[in-house]
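S.K.: See model-v1.cif below, with mmCIF, C-alpha atoms.
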data_coords
#
loop_
_atom_site.label_atom_id
_atom_site.label_comp_id
_atom_site.auth_asym_id
_atom_site.auth_seq_id
_atom_site.Cartn_x
_atom_site.Cartn_y
_atom_site.Cartn_z
CA MET A 1 -2.66 -10.89 -7.31
CA ASN A 2 -2.69 -9.54 -10.83
CA THR A 3 0.96 -8.72 -11.62
CA SER A 4 -0.05 -5.88 -13.94
CA ASP A 5 -1.18 -4.04 -10.80
CA VAL A 6 2.26 -4.34 -9.17
CA LEU A 7 4.95 -1.70 -9.51
CA PRO A 8 7.86 -3.15 -11.51
CA ASN A 9 9.98 -0.05 -10.91
CA ARG A 10 9.64 3.56 -9.83
CA ASP A 11 9.38 6.18 -12.54
CA GLU A 12 8.74 9.88 -12.13
CA PRO A 13 5.27 11.27 -12.92
CA SER A 14 4.91 12.42 -16.51
CA ALA A 15 4.07 16.04 -17.29
CA HIS A 16 2.21 14.72 -20.35
CA ALA A 17 0.10 12.09 -18.60
CA GLY A 18 -3.66 12.11 -19.08
CA PRO A 19 -6.31 11.45 -16.43
CA ALA A 20 -5.71 8.45 -14.19
CA VAL A 21 -7.54 5.22 -15.05
CA GLN A 22 -5.69 2.77 -12.75
CA LEU A 23 -4.09 2.65 -9.30
CA ARG A 24 -1.02 0.40 -9.12
CA LEU A 25 0.39 -0.76 -5.76
CA SER A 26 3.79 -2.18 -4.86
CA ALA A 27 4.14 -5.90 -4.20
CA THR A 28 3.42 -6.98 -0.64
CA GLY A 29 6.16 -9.61 -0.46
CA ASN A 30 3.74 -11.97 1.29
CA PRO A 31 4.26 -13.62 3.61
CA ASN A 32 6.52 -11.19 5.47
CA LYS A 33 8.49 -13.25 8.02
CA VAL A 34 8.99 -11.58 11.40
CA ARG A 35 10.36 -12.86 14.71
CA ARG A 36 7.82 -13.05 17.53
CA GLY A 37 7.89 -9.86 19.63
CA ASN A 38 9.64 -7.74 16.98
CA SER A 39 8.08 -4.65 15.46
CA PHE A 40 7.40 -4.53 11.72
CA THR A 41 7.12 -1.66 9.25
CA LYS A 42 6.01 -1.88 5.62
CA LEU A 43 6.23 1.10 3.23
CA PRO A 44 3.78 0.44 0.38
CA LEU A 45 4.06 2.52 -2.78
CA GLY A 46 1.29 3.58 -5.12
CA ASP A 47 1.13 5.10 -8.58
CA LEU A 48 -1.73 6.42 -10.65
CA LEU A 49 -1.53 5.49 -14.33
CA ASP A 50 -3.21 7.00 -17.37
CA ALA A 51 -4.58 4.95 -20.28
CA THR A 52 -1.11 4.76 -21.91
CA GLY A 53 0.65 3.63 -18.71
CA GLN A 54 2.26 6.97 -17.89
CA ILE A 55 2.41 7.93 -14.22
CA VAL A 56 -0.04 10.64 -13.17
CA PRO A 57 0.95 12.89 -10.24
CA GLY A 58 -1.26 12.48 -7.21
CA SER A 59 -1.68 12.13 -3.48
CA GLY A 60 -3.91 9.98 -1.36
CA ASN A 61 -4.98 8.72 2.02
CA TRP A 62 -4.16 5.31 3.55
CA THR A 63 -6.70 3.91 6.02
CA LEU A 64 -6.70 0.75 8.11
CA VAL A 65 -9.49 -1.59 6.98
CA SER A 66 -8.85 -4.66 9.14
CA VAL A 67 -6.34 -6.52 11.29
CA SER A 68 -6.84 -10.24 11.82
CA PRO A 69 -6.48 -11.35 14.51
CA ALA A 70 -7.17 -8.05 16.26
CA THR A 71 -3.84 -6.61 17.42
CA PRO A 72 -3.52 -3.37 19.41
CA GLY A 73 -1.26 -0.60 18.13
CA VAL A 74 -1.32 -1.40 14.40
CA THR A 75 -1.26 1.91 12.53
CA VAL A 76 -1.39 3.12 8.95
CA GLY A 77 0.09 6.46 7.92
CA ASN A 78 0.45 8.69 4.89
CA ASN A 79 3.31 10.47 3.19
CA PRO A 80 1.63 13.88 2.65
CA GLY A 81 1.48 14.89 -1.00
CA TYR A 82 2.23 11.37 -2.28
CA LEU A 83 0.59 7.97 -2.65
CA ASN A 84 3.14 6.25 -0.39
CA GLY A 85 2.07 4.84 2.94
CA ARG A 86 3.34 3.25 6.14
CA ILE A 87 1.97 0.21 7.96
CA TYR A 88 3.38 -0.34 11.45
CA VAL A 89 2.96 -3.23 13.90
CA PRO A 90 4.58 -2.47 17.30
CA SER A 91 4.87 -6.12 18.39
CA VAL A 92 4.19 -9.18 16.24
CA THR A 93 2.78 -11.96 18.44
CA SER A 94 1.06 -14.23 15.89
CA ASN A 95 0.50 -14.73 12.18
CA MET A 96 -1.69 -11.91 10.95
CA THR A 97 -3.32 -10.31 7.95
CA ILE A 98 -3.59 -6.53 7.65
CA THR A 99 -5.72 -4.81 5.04
CA ALA A 100 -5.09 -1.13 4.30
CA ARG A 101 -6.86 0.97 1.66
CA LEU A 102 -5.32 3.67 -0.51
CA THR A 103 -7.80 6.26 -1.75
CA PRO A 104 -6.31 8.73 -4.25
CA SER A 105 -7.45 12.30 -3.46
CA GLN A 106 -8.11 13.26 -7.08
CA TYR A 107 -9.53 9.87 -8.18
CA PRO A 108 -11.31 8.25 -5.19
CA VAL A 109 -13.13 5.79 -7.47
CA LEU A 110 -9.74 4.08 -8.10
CA ALA A 111 -9.26 3.19 -4.39
CA LYS A 112 -7.65 -0.19 -3.81
CA ASN A 113 -6.91 -2.50 -0.88
CA TYR A 114 -3.37 -3.57 0.04
CA VAL A 115 -3.32 -6.94 1.85
CA LEU A 116 -0.27 -7.63 3.99
CA GLN A 117 0.40 -11.04 5.54
CA ILE A 118 2.82 -11.48 8.44
CA GLN A 119 4.17 -14.89 9.44
CA VAL A 120 5.86 -15.43 12.82
CA ILE A 121 9.20 -17.26 12.60
#
Any chance you could give the structure as C-alpha cells?

M.R.:
Amino acid sequence: MNTSDVLPNRDEPSAHAGPAVQLRLSATGNPNKVRRGNSFTKLPLGDLLDATGQIVPGSGNWTLVSVSPATPGVTVGNNPGYLNGRIYVPSVTSNMTITARLTPSQYPVLAKNYVLQIQVI
C-alpha cells in the first residue's frame, strides 16, 4: 500500500480547501487477528484532499465488493454525511479477505477499494 494514501492523523475539513483530487483511507492494520467464532468490526476512515493536501468536506457510500471465502452476514455500512464506514463480520470462522469500496458522493471518480485481511488466531 502506498503510505501517502493512508491517514496519518485526523484533521478537520478546511473552509479554504479547493476541489478534491485524492481520496485517502485509513490504514487497515492487516492482518487483523481475531479468535475463531468472535465477531469483528472495523471502522475505516476516509478523507478527500485538494491539490495542496487540505481536507475537503464530503460524504460517501461504502459498498461490499467481495468476501473471500464467502461468509454469510458480512456487512458494510455508512456514517451518513461523512466518509467513515463500518465493516462487520458476525462470526469469524477462517482467514478471510474483505474488499469494500468507498465512493465519494461529490467526486465518484475518486472511488477507492479498502482491503481488509482477517487472520484466525

S.K.: For Thr52 in chain A, find every residue with an atom within 12 Å (counting only C-alpha atoms), except residues of its own chain fewer than 4 positions away, and show them as a PyMOL selection string.

M.R.: chain A and resi 14+16-22+48+56

S.K.: From the list A:Ser68, A:Thr63, A:Thr93, A:Ser105, which residue is nearest Gly81 in chain A when using all atoms listed in the file?

M.R.: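 Closest residue, counting all atoms listed in the file: A:Ser105.
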
S.K.: Could you check which of A:Leu25, A:Val34, A:Val92, A:Ala70 is closest to Ile121 in chain A, using only C-alpha atoms?

M.R.: A:Val34

S.K.: Applied to this file, what does the PyMOL selection byres ((chain A and resi 62) around 6) return in terms of residues, put as a PyMOL selection string?

M.R.: chain A and resi 61+63+78+101-102

S.K.: Report as an NGL selection string the residues that result from applying the PyMOL selection byres ((chain A and resi 72) around 9) to the structure here.

M.R.: :A and (70-71 or 73-75 or 89-91)

S.K.: Identify, on the basis of all atoms listed in the file, every residue whose closest approach to Leu43 in chain A does not exceed 9 Å; exclude the query and any residue fewer than 4 positions from it along the same chain; express the result as number ranges by chain.

M.R.: A: 84-88
